[in-house]
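What follows is the content of entry.cif (mmCIF, C-alpha atoms).
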```cif
data_my_file
#
loop_
_atom_site.label_atom_id
_atom_site.label_comp_id
_atom_site.auth_asym_id
_atom_site.auth_seq_id
_atom_site.Cartn_x
_atom_site.Cartn_y
_atom_site.Cartn_z
CA MET A 1 -15.80 47.66 10.48
CA PRO A 2 -12.63 45.53 10.70
CA ALA A 3 -12.95 42.48 12.85
CA ASP A 4 -11.34 42.59 16.25
CA THR A 5 -8.47 40.08 16.04
CA SER A 6 -6.73 41.07 19.25
CA GLY A 7 -8.38 38.28 21.17
CA THR A 8 -7.45 35.75 18.53
CA GLY A 9 -3.82 36.94 18.50
CA ALA A 10 -3.62 36.81 22.27
CA GLY A 11 -5.07 33.34 22.26
CA THR A 12 -2.57 32.21 19.65
CA ARG A 13 0.34 33.61 21.64
CA LYS A 14 -1.05 32.00 24.79
CA GLY A 15 -1.36 28.71 22.98
CA LEU A 16 2.20 28.94 21.71
CA ARG A 17 3.42 29.64 25.22
CA LYS A 18 1.56 26.58 26.49
CA GLY A 19 2.96 24.44 23.71
CA THR A 20 -0.41 23.93 21.99
CA GLY A 21 0.49 25.91 18.87
CA PRO A 22 2.14 24.62 15.71
CA ARG A 23 5.36 22.75 16.32
CA ARG A 24 8.35 22.60 14.06
CA ARG A 25 8.73 19.13 12.61
CA ARG A 26 12.06 17.58 13.44
CA THR A 27 13.97 16.49 10.38
CA GLY A 28 16.37 13.64 10.29
CA ALA A 29 14.66 11.68 13.06
CA VAL A 30 14.13 8.00 12.43
CA GLY A 31 11.51 7.35 15.08
CA GLY A 32 7.92 7.32 13.92
CA GLN A 33 8.57 6.98 10.21
CA GLY A 34 11.16 4.19 10.29
CA VAL A 35 14.13 3.71 8.00
CA PRO A 36 13.41 3.23 4.29
CA LEU A 37 14.36 -0.29 3.27
CA PRO A 38 16.28 0.86 0.15
CA LEU A 39 18.54 2.85 2.51
CA LEU A 40 18.73 0.38 5.36
CA LEU A 41 20.05 -2.57 3.36
CA PRO A 42 22.98 -0.71 1.71
CA ALA A 43 23.84 0.89 5.06
CA LEU A 44 24.01 -2.50 6.76
CA LEU A 45 26.07 -3.92 3.90
CA ALA A 46 28.48 -1.01 4.17
CA LEU A 47 28.80 -1.53 7.91
CA ALA A 48 29.46 -5.23 7.42
CA PHE A 49 31.95 -4.50 4.64
CA LEU A 50 33.95 -2.28 6.98
CA LEU A 51 33.71 -4.38 10.14
CA VAL A 52 33.90 -8.00 9.00
CA PRO A 53 37.58 -7.84 7.87
CA LEU A 54 38.54 -6.33 11.23
CA LEU A 55 36.55 -8.96 13.11
CA ALA A 56 38.22 -11.64 10.98
CA LEU A 57 41.60 -10.49 12.30
CA LEU A 58 40.38 -10.98 15.85
CA VAL A 59 38.78 -14.35 15.09
CA ARG A 60 41.79 -15.78 13.24
CA ALA A 61 44.41 -14.29 15.57
CA PRO A 62 46.79 -16.88 17.07
CA TRP A 63 46.02 -15.90 20.66
CA GLN A 64 47.91 -18.84 22.19
CA SER A 65 51.13 -18.10 20.35
CA MET A 66 50.65 -14.33 20.45
CA PRO A 67 53.22 -13.67 23.21
CA GLU A 68 55.82 -15.70 21.36
CA GLN A 69 55.03 -13.94 18.08
CA LEU A 70 55.26 -10.46 19.55
CA THR A 71 58.40 -11.01 21.62
CA SER A 72 60.64 -12.10 18.77
CA PRO A 73 63.63 -9.79 18.11
CA ALA A 74 62.54 -9.10 14.53
CA VAL A 75 59.15 -7.80 15.68
CA TRP A 76 60.67 -5.48 18.28
CA GLN A 77 63.20 -4.19 15.76
CA ALA A 78 60.43 -3.40 13.28
CA LEU A 79 58.24 -1.85 15.98
CA ARG A 80 61.07 0.28 17.36
CA LEU A 81 62.03 1.46 13.88
CA SER A 82 58.41 2.25 13.07
CA LEU A 83 57.93 4.32 16.21
CA VAL A 84 61.19 6.22 15.76
CA CYS A 85 60.65 6.95 12.07
CA ALA A 86 56.98 7.90 12.50
CA THR A 87 57.89 10.30 15.31
CA ALA A 88 60.71 11.82 13.28
CA ALA A 89 58.44 12.19 10.24
CA THR A 90 55.84 13.92 12.41
CA ALA A 91 58.50 16.30 13.72
CA VAL A 92 59.51 17.14 10.15
CA SER A 93 55.85 17.67 9.26
CA LEU A 94 55.43 20.03 12.22
CA VAL A 95 58.49 22.13 11.41
CA LEU A 96 57.59 22.46 7.74
CA GLY A 97 53.82 21.93 7.68
CA VAL A 98 52.66 24.46 10.28
CA PRO A 99 54.29 27.43 8.45
CA LEU A 100 52.86 26.13 5.18
CA ALA A 101 49.39 25.89 6.70
CA TRP A 102 49.71 29.45 8.01
CA LEU A 103 50.79 30.65 4.57
CA LEU A 104 47.76 29.06 2.93
CA ALA A 105 45.32 30.32 5.56
CA ARG A 106 46.57 33.83 6.28
CA THR A 107 48.12 35.21 3.11
CA GLU A 108 46.93 35.97 -0.40
CA PHE A 109 49.24 35.23 -3.31
CA PRO A 110 48.81 34.25 -6.96
CA GLY A 111 48.25 30.56 -7.43
CA ARG A 112 47.28 29.82 -3.83
CA GLY A 113 44.56 27.43 -4.98
CA LEU A 114 47.07 25.53 -7.11
CA VAL A 115 49.50 25.33 -4.19
CA ARG A 116 46.75 23.97 -1.95
CA ALA A 117 45.87 21.36 -4.58
CA LEU A 118 49.52 20.30 -4.86
CA VAL A 119 49.82 20.06 -1.08
CA THR A 120 46.85 17.69 -0.92
CA LEU A 121 48.03 15.65 -3.91
CA PRO A 122 49.91 13.04 -1.81
CA LEU A 123 46.58 12.21 -0.15
CA VAL A 124 45.23 10.76 -3.39
CA LEU A 125 48.52 9.83 -5.04
CA PRO A 126 49.25 6.08 -4.97
CA PRO A 127 52.02 5.61 -2.39
CA VAL A 128 54.17 3.64 -4.84
CA VAL A 129 54.03 6.58 -7.24
CA GLY A 130 55.12 8.81 -4.38
CA GLY A 131 58.08 6.52 -3.78
CA VAL A 132 59.07 6.64 -7.45
CA ALA A 133 58.76 10.44 -7.39
CA LEU A 134 61.03 10.59 -4.35
CA LEU A 135 63.57 8.42 -6.15
CA MET A 136 63.51 10.73 -9.16
CA ALA A 137 63.99 13.75 -6.91
CA LEU A 138 66.21 12.53 -4.07
CA GLY A 139 67.83 9.41 -5.51
CA ARG A 140 71.54 9.32 -6.16
CA ASN A 141 70.86 10.36 -9.75
CA GLY A 142 67.81 12.48 -8.91
CA ILE A 143 67.46 16.14 -9.76
CA VAL A 144 68.20 17.10 -6.14
CA GLY A 145 69.78 13.93 -4.80
CA GLN A 146 72.76 14.07 -7.16
CA TRP A 147 73.78 17.41 -5.68
CA LEU A 148 73.26 16.16 -2.14
CA ASP A 149 75.56 13.26 -2.96
CA GLN A 150 78.23 15.37 -4.66
CA TRP A 151 78.29 18.30 -2.25
CA PHE A 152 77.52 16.69 1.11
CA GLY A 153 77.94 12.96 0.54
CA VAL A 154 74.32 12.39 1.56
CA SER A 155 72.37 9.51 0.01
CA LEU A 156 68.81 9.08 1.26
CA PRO A 157 67.43 6.03 -0.61
CA PHE A 158 67.56 2.70 1.22
CA THR A 159 68.47 4.31 4.55
CA THR A 160 66.61 4.98 7.77
CA ALA A 161 66.57 8.67 6.86
CA GLY A 162 64.91 7.66 3.61
CA VAL A 163 62.12 6.01 5.62
CA VAL A 164 61.57 9.28 7.48
CA VAL A 165 61.48 11.23 4.21
CA ALA A 166 58.99 8.82 2.61
CA GLU A 167 56.72 8.86 5.66
CA ALA A 168 56.86 12.66 5.95
CA PHE A 169 55.96 12.99 2.26
CA VAL A 170 52.70 11.08 2.69
CA ALA A 171 51.87 12.28 6.24
CA MET A 172 52.50 16.03 6.04
CA PRO A 173 49.31 16.85 4.06
CA PHE A 174 47.20 15.54 6.96
CA LEU A 175 48.87 18.00 9.29
CA VAL A 176 48.66 20.90 6.84
CA ILE A 177 44.95 20.39 6.17
CA SER A 178 44.12 20.09 9.85
CA VAL A 179 46.12 23.16 10.88
CA GLU A 180 44.87 25.24 7.95
CA GLY A 181 41.27 24.47 8.83
CA THR A 182 41.90 25.46 12.44
CA LEU A 183 43.57 28.69 11.33
CA ARG A 184 40.62 29.58 9.11
CA ALA A 185 38.21 28.97 11.97
CA ALA A 186 40.28 30.95 14.48
CA ASP A 187 39.49 34.62 15.06
CA HIS A 188 42.30 36.61 13.44
CA ARG A 189 41.33 39.73 15.39
CA TYR A 190 43.55 38.54 18.24
CA GLU A 191 46.53 38.71 15.91
CA GLU A 192 45.46 42.18 14.76
CA ALA A 193 45.16 43.31 18.37
CA ALA A 194 48.68 42.03 19.08
CA ALA A 195 49.94 43.93 16.03
CA THR A 196 48.37 47.17 17.25
CA LEU A 197 50.23 46.68 20.54
CA GLY A 198 53.54 46.62 18.67
CA ALA A 199 54.11 42.90 18.23
CA SER A 200 55.73 41.79 15.02
CA ARG A 201 53.91 39.31 12.81
CA PHE A 202 56.16 36.46 13.90
CA THR A 203 55.76 37.38 17.57
CA ALA A 204 51.97 37.44 17.14
CA PHE A 205 52.17 34.04 15.49
CA ARG A 206 54.35 32.62 18.27
CA ARG A 207 52.60 34.18 21.27
CA VAL A 208 48.99 34.41 20.05
CA THR A 209 48.29 32.17 17.06
CA LEU A 210 50.12 29.04 18.16
CA PRO A 211 48.32 28.76 21.54
CA LEU A 212 45.04 29.48 19.75
CA ILE A 213 45.43 26.66 17.23
CA ALA A 214 47.16 24.18 19.55
CA PRO A 215 44.22 21.69 19.46
CA GLY A 216 44.32 21.64 15.65
CA ILE A 217 48.08 21.13 15.66
CA ALA A 218 47.73 18.28 18.14
CA ALA A 219 45.02 16.58 16.06
CA GLY A 220 47.01 17.02 12.86
CA SER A 221 50.13 15.65 14.52
CA VAL A 222 48.31 12.53 15.68
CA LEU A 223 46.89 11.98 12.20
CA ALA A 224 50.29 12.51 10.59
CA TRP A 225 51.94 10.14 13.07
CA ALA A 226 49.36 7.43 12.45
CA ARG A 227 49.67 7.83 8.69
CA ALA A 228 53.45 7.66 8.89
CA LEU A 229 53.30 4.57 11.10
CA GLY A 230 51.16 2.74 8.54
CA GLU A 231 53.02 3.84 5.42
CA PHE A 232 54.06 1.01 3.09
CA GLY A 233 54.20 1.80 -0.63
CA ALA A 234 56.44 4.88 -0.63
CA THR A 235 58.68 3.35 2.04
CA ILE A 236 59.38 0.09 0.27
CA THR A 237 59.90 1.89 -3.06
CA PHE A 238 62.20 4.63 -1.78
CA ALA A 239 63.86 3.01 1.25
CA GLY A 240 63.63 -0.72 0.56
CA ASN A 241 63.04 -3.51 3.06
CA PHE A 242 66.18 -4.10 5.08
CA PRO A 243 65.81 -5.53 8.61
CA ASP A 244 66.80 -3.16 11.43
CA ARG A 245 67.39 -0.36 8.93
CA THR A 246 64.30 0.24 6.81
CA GLN A 247 61.92 -2.61 7.68
CA THR A 248 59.00 -0.98 9.47
CA MET A 249 55.95 -2.78 10.84
CA PRO A 250 53.87 -2.67 7.61
CA LEU A 251 56.82 -4.08 5.70
CA ALA A 252 57.29 -6.78 8.35
CA VAL A 253 53.60 -7.70 7.99
CA TYR A 254 53.98 -8.03 4.23
CA LEU A 255 57.10 -10.16 4.58
CA ALA A 256 55.57 -12.38 7.27
CA LEU A 257 52.43 -12.93 5.20
CA GLN A 258 54.49 -14.78 2.61
CA SER A 259 56.11 -17.21 5.05
CA ASP A 260 54.23 -17.11 8.38
CA PRO A 261 50.58 -15.96 8.15
CA GLU A 262 50.08 -16.25 11.91
CA ALA A 263 52.91 -13.82 12.52
CA ALA A 264 51.39 -11.47 9.94
CA VAL A 265 48.07 -11.54 11.79
CA ALA A 266 49.80 -10.87 15.10
CA LEU A 267 51.68 -7.88 13.67
CA SER A 268 48.49 -6.62 12.05
CA LEU A 269 46.78 -6.67 15.44
CA VAL A 270 49.51 -4.43 16.82
CA LEU A 271 48.89 -1.86 14.09
CA LEU A 272 45.13 -2.24 14.60
CA ALA A 273 45.56 -1.50 18.30
CA VAL A 274 47.59 1.61 17.47
CA SER A 275 44.90 2.79 15.06
CA ILE A 276 42.19 2.31 17.67
CA ALA A 277 44.29 4.25 20.18
CA VAL A 278 44.66 7.11 17.71
CA LEU A 279 40.92 7.15 17.04
CA ALA A 280 40.24 7.15 20.78
CA GLY A 281 42.62 10.06 21.19
CA LEU A 282 40.64 12.02 18.60
CA ARG A 283 37.24 11.08 20.04
CA ASP A 284 36.42 14.69 20.94
CA ARG A 285 37.04 15.68 17.32
CA TRP A 286 35.32 12.90 15.38
CA LEU A 287 33.41 10.63 17.72
CA THR A 288 30.97 13.14 19.17
CA ALA A 289 27.72 14.06 17.48
CA SER A 290 26.54 17.66 17.36
#
```
Let me see the file written as structure tokens.
Amino acid sequence: MPADTSGTGAGTRKGLRKGTGPRRRRTGAVGGQGVPLPLLLPALLALAFLLVPLLALLVRAPWQSMPEQLTSPAVWQALRLSLVCATAATAVSLVLGVPLAWLLARTEFPGRGLVRALVTLPLVLPPVVGGVALLMALGRNGIVGQWLDQWFGVSLPFTTAGVVVAEAFVAMPFLVISVEGTLRAADHRYEEAAATLGASRFTAFRRVTLPLIAPGIAAGSVLAWARALGEFGATITFAGNFPDRTQTMPLAVYLALQSDPEAAVALSLVLLAVSIAVLAGLRDRWLTAS
């Protein structure tokens, strides 16, 4: 006769309810087993590699002369120009980048993967190469710039507008990637429901999609603004380094480093403070552990 296992099963279930049964082993926990030495040493070296240069800025900062360094007219001109151009570049990225992100996330068309790769190319492209590319395209003899000059009398290189163009070129991919990821994660059934109620596709985008992806747009805008504020290579190549016209804060740091290292450190601390503020603003996105 088969053995009566009902008692055993009941006992097992009772034990599981009491917590005496088999427990799932937690993975990824450090406690109990410790950290393997071959992993701990490289991790600490990596942490030191990333933090020591930033700490060196704080240690070597000319704190006594800091107010004098930061209140000079040249610094305020560079800071004002940086803030204005970074904000304008972010606005350009919003107007052009959000529709592009929607196109990549919501529509199917031949070569979409190639388009996405080209959109992200400025992320890995050396900024100086981006500046040269902008000169070849929008310079006075560029393939587009020559027509802008002949038809409208518009010349972008070595102007404040050129700074905005250079910063938007390198910053827009950050916005596009952030918004596209938010669009892919958003539930598109809300848009379909709006369409069934008679809303056009643009109305559904304006009244339904935009409020739904507003956090992603905000995060992408902050990233784009921070990237534009710190842009150097494309700016100096395409717009030059003219005080009160194209000299932004990174360019002022580079120029000060050659003649006044203390001023360069002081300006670097300003950009460091802005970067920390941006990271703090995105703490809910990147600084929280799941």
Output as a Markdown table one row per residue of segment 87-182 of chain A within 6 Å of segment 220-236 of chain A: the closest atom pair and its distance in Å to one decimal place, counting only C-alpha atoms, sorted by chain and residue number ascending.
```
| residue | atom | partner | partner_atom | distance |
| --- | --- | --- | --- | --- |
| A:Thr90 | CA | A:Trp225 | CA | 5.5 |
| A:Pro127 | CA | A:Gly233 | CA | 4.7 |
| A:Val128 | CA | A:Gly233 | CA | 4.6 |
| A:Gly130 | CA | A:Ala234 | CA | 5.6 |
| A:Gly131 | CA | A:Ala234 | CA | 3.9 |
| A:Val163 | CA | A:Thr235 | CA | 5.6 |
| A:Ala166 | CA | A:Thr235 | CA | 5.5 |
| A:Glu167 | CA | A:Ala228 | CA | 4.8 |
| A:Ala171 | CA | A:Ala224 | CA | 4.6 |
| A:Phe174 | CA | A:Ala224 | CA | 5.6 |
| A:Leu175 | CA | A:Gly220 | CA | 4.1 |
| A:Ser178 | CA | A:Gly220 | CA | 5.2 |
```
Filtering to C-alpha atoms, could you give me those residues as a short mmCIF file (atom, residue, chain, number, x, y, z; two decimals), keeping the file's coordinate frame?
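File part_28.cif, as written:
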```cif
data_model
loop_
_atom_site.label_atom_id
_atom_site.label_comp_id
_atom_site.auth_asym_id
_atom_site.auth_seq_id
_atom_site.Cartn_x
_atom_site.Cartn_y
_atom_site.Cartn_z
CA THR A 90 55.84 13.92 12.41
CA PRO A 127 52.02 5.61 -2.39
CA VAL A 128 54.17 3.64 -4.84
CA GLY A 130 55.12 8.81 -4.38
CA GLY A 131 58.08 6.52 -3.78
CA VAL A 163 62.12 6.01 5.62
CA ALA A 166 58.99 8.82 2.61
CA GLU A 167 56.72 8.86 5.66
CA ALA A 171 51.87 12.28 6.24
CA PHE A 174 47.20 15.54 6.96
CA LEU A 175 48.87 18.00 9.29
CA SER A 178 44.12 20.09 9.85
#
```
How far is it from atom CA of Phe169 of chain A to atom CA of Gly145 of chain A, in Å with one decimal?
-> 15.5 Å
One decimal, Å: what's the distance from atom CA of Glu262 of chain A over to atom CA of Phe49 of chain A, could you say?
->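 So the answer is 22.8 Å.
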Could you name the residues that touch Thr209 of chain A at 10 Å or less, counting only C-alpha atoms, but leaving out those on the same chain fewer than 2 positions away, as JSON, numbers by chain?
-> {"A": [102, 183, 186, 187, 188, 190, 191, 202, 203, 204, 205, 206, 207, 211, 212, 213, 214]}
So how far away is atom CA of Gln77 of chain A from atom CA of Asp244 of chain A, in Å?
->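 Atom-to-atom, atom CA of Asp244 of chain A and atom CA of Gln77 of chain A are spaced 5.7 Å apart.
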Hits from the PyMOL selection byres ((chain A and resi 239-243) around 10), listed as a PyMOL selection string = chain A and resi 74-75+77-78+81+131+134-135+156-166+233-238+244-248+251-252+255
The PyMOL selection byres ((chain A and resi 94) around 9) resolved against shown file, as a ChimeraX atom specification | /A:89-93,95-99,172,175-176,217,220-221
Suppose we keep C-alpha atoms; can you now write the selection as a PDB file, in the coordinates of the input?
```
ATOM      1  CA  ALA A  89      58.440  12.190  10.240  1.00  0.00           C
ATOM      2  CA  THR A  90      55.840  13.920  12.410  1.00  0.00           C
ATOM      3  CA  ALA A  91      58.500  16.300  13.720  1.00  0.00           C
ATOM      4  CA  VAL A  92      59.510  17.140  10.150  1.00  0.00           C
ATOM      5  CA  SER A  93      55.850  17.670   9.260  1.00  0.00           C
ATOM      6  CA  VAL A  95      58.490  22.130  11.410  1.00  0.00           C
ATOM      7  CA  LEU A  96      57.590  22.460   7.740  1.00  0.00           C
ATOM      8  CA  GLY A  97      53.820  21.930   7.680  1.00  0.00           C
ATOM      9  CA  VAL A  98      52.660  24.460  10.280  1.00  0.00           C
ATOM     10  CA  PRO A  99      54.290  27.430   8.450  1.00  0.00           C
ATOM     11  CA  MET A 172      52.500  16.030   6.040  1.00  0.00           C
ATOM     12  CA  LEU A 175      48.870  18.000   9.290  1.00  0.00           C
ATOM     13  CA  VAL A 176      48.660  20.900   6.840  1.00  0.00           C
ATOM     14  CA  ILE A 217      48.080  21.130  15.660  1.00  0.00           C
ATOM     15  CA  GLY A 220      47.010  17.020  12.860  1.00  0.00           C
ATOM     16  CA  SER A 221      50.130  15.650  14.520  1.00  0.00           C
TER      17      SER A 221
END
```
Will you give me segment 92-103 of chain A, written with all heavy atoms and laid out as a JSON list (two decimals), in the first residue's frame?
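For reference, result.json as written:
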```json
[["chain", "number", "residue", "atom", "x", "y", "z"],
["A", 92, "VAL", "N", 16.61, 74.45, -28.08],
["A", 92, "VAL", "CA", 16.69, 73.89, -29.43],
["A", 92, "VAL", "C", 16.57, 72.37, -29.38],
["A", 92, "VAL", "O", 15.87, 71.75, -30.20],
["A", 92, "VAL", "CB", 18.01, 74.32, -30.11],
["A", 92, "VAL", "CG1", 18.21, 73.58, -31.43],
["A", 92, "VAL", "CG2", 18.03, 75.82, -30.33],
["A", 93, "SER", "N", 17.23, 71.75, -28.41],
["A", 93, "SER", "CA", 17.16, 70.29, -28.27],
["A", 93, "SER", "C", 15.75, 69.83, -27.96],
["A", 93, "SER", "O", 15.30, 68.79, -28.44],
["A", 93, "SER", "CB", 18.12, 69.84, -27.17],
["A", 93, "SER", "OG", 19.46, 70.19, -27.47],
["A", 94, "LEU", "N", 15.02, 70.60, -27.16],
["A", 94, "LEU", "CA", 13.64, 70.24, -26.84],
["A", 94, "LEU", "C", 12.75, 70.32, -28.07],
["A", 94, "LEU", "O", 11.97, 69.40, -28.36],
["A", 94, "LEU", "CB", 13.10, 71.16, -25.74],
["A", 94, "LEU", "CG", 13.47, 70.82, -24.30],
["A", 94, "LEU", "CD1", 13.09, 71.95, -23.37],
["A", 94, "LEU", "CD2", 12.80, 69.52, -23.87],
["A", 95, "VAL", "N", 12.86, 71.42, -28.81],
["A", 95, "VAL", "CA", 11.99, 71.62, -29.97],
["A", 95, "VAL", "C", 12.24, 70.57, -31.04],
["A", 95, "VAL", "O", 11.30, 70.07, -31.68],
["A", 95, "VAL", "CB", 12.20, 73.04, -30.53],
["A", 95, "VAL", "CG1", 11.44, 73.22, -31.85],
["A", 95, "VAL", "CG2", 11.73, 74.09, -29.53],
["A", 96, "LEU", "N", 13.50, 70.20, -31.23],
["A", 96, "LEU", "CA", 13.83, 69.24, -32.28],
["A", 96, "LEU", "C", 13.96, 67.81, -31.76],
["A", 96, "LEU", "O", 13.63, 66.86, -32.48],
["A", 96, "LEU", "CB", 15.15, 69.65, -32.95],
["A", 96, "LEU", "CG", 15.18, 71.05, -33.58],
["A", 96, "LEU", "CD1", 16.55, 71.31, -34.19],
["A", 96, "LEU", "CD2", 14.10, 71.21, -34.63],
["A", 97, "GLY", "N", 14.43, 67.65, -30.53],
["A", 97, "GLY", "CA", 14.74, 66.32, -30.03],
["A", 97, "GLY", "C", 13.53, 65.52, -29.58],
["A", 97, "GLY", "O", 13.49, 64.30, -29.77],
["A", 98, "VAL", "N", 12.54, 66.18, -28.98],
["A", 98, "VAL", "CA", 11.35, 65.44, -28.52],
["A", 98, "VAL", "C", 10.60, 64.82, -29.70],
["A", 98, "VAL", "O", 10.24, 63.63, -29.65],
["A", 98, "VAL", "CB", 10.44, 66.35, -27.68],
["A", 98, "VAL", "CG1", 9.12, 65.65, -27.36],
["A", 98, "VAL", "CG2", 11.15, 66.74, -26.38],
["A", 99, "PRO", "N", 10.33, 65.55, -30.79],
["A", 99, "PRO", "CA", 9.71, 64.89, -31.95],
["A", 99, "PRO", "C", 10.56, 63.75, -32.52],
["A", 99, "PRO", "O", 10.02, 62.72, -32.95],
["A", 99, "PRO", "CB", 9.55, 66.02, -32.96],
["A", 99, "PRO", "CG", 9.48, 67.26, -32.14],
["A", 99, "PRO", "CD", 10.42, 67.01, -30.99],
["A", 100, "LEU", "N", 11.88, 63.93, -32.52],
["A", 100, "LEU", "CA", 12.75, 62.87, -33.03],
["A", 100, "LEU", "C", 12.67, 61.63, -32.13],
["A", 100, "LEU", "O", 12.62, 60.50, -32.62],
["A", 100, "LEU", "CB", 14.19, 63.37, -33.12],
["A", 100, "LEU", "CG", 15.24, 62.37, -33.57],
["A", 100, "LEU", "CD1", 14.89, 61.79, -34.94],
["A", 100, "LEU", "CD2", 16.63, 63.00, -33.61],
["A", 101, "ALA", "N", 12.64, 61.85, -30.83],
["A", 101, "ALA", "CA", 12.51, 60.72, -29.91],
["A", 101, "ALA", "C", 11.18, 60.00, -30.11],
["A", 101, "ALA", "O", 11.11, 58.76, -30.08],
["A", 101, "ALA", "CB", 12.64, 61.21, -28.47],
["A", 102, "TRP", "N", 10.11, 60.75, -30.31],
["A", 102, "TRP", "CA", 8.81, 60.14, -30.56],
["A", 102, "TRP", "C", 8.83, 59.33, -31.86],
["A", 102, "TRP", "O", 8.28, 58.23, -31.93],
["A", 102, "TRP", "CB", 7.73, 61.23, -30.65],
["A", 102, "TRP", "CG", 6.35, 60.69, -30.87],
["A", 102, "TRP", "CD1", 5.45, 60.31, -29.93],
["A", 102, "TRP", "CD2", 5.73, 60.47, -32.14],
["A", 102, "TRP", "NE1", 4.30, 59.87, -30.52],
["A", 102, "TRP", "CE2", 4.44, 59.94, -31.88],
["A", 102, "TRP", "CE3", 6.11, 60.66, -33.46],
["A", 102, "TRP", "CZ2", 3.55, 59.61, -32.90],
["A", 102, "TRP", "CZ3", 5.24, 60.32, -34.47],
["A", 102, "TRP", "CH2", 3.97, 59.81, -34.19],
["A", 103, "LEU", "N", 9.49, 59.87, -32.89],
["A", 103, "LEU", "CA", 9.58, 59.16, -34.16],
["A", 103, "LEU", "C", 10.31, 57.83, -33.99],
["A", 103, "LEU", "O", 9.88, 56.80, -34.53],
["A", 103, "LEU", "CB", 10.31, 60.03, -35.18],
["A", 103, "LEU", "CG", 10.36, 59.53, -36.63],
["A", 103, "LEU", "CD1", 8.99, 59.62, -37.26],
["A", 103, "LEU", "CD2", 11.37, 60.33, -37.43]]
```
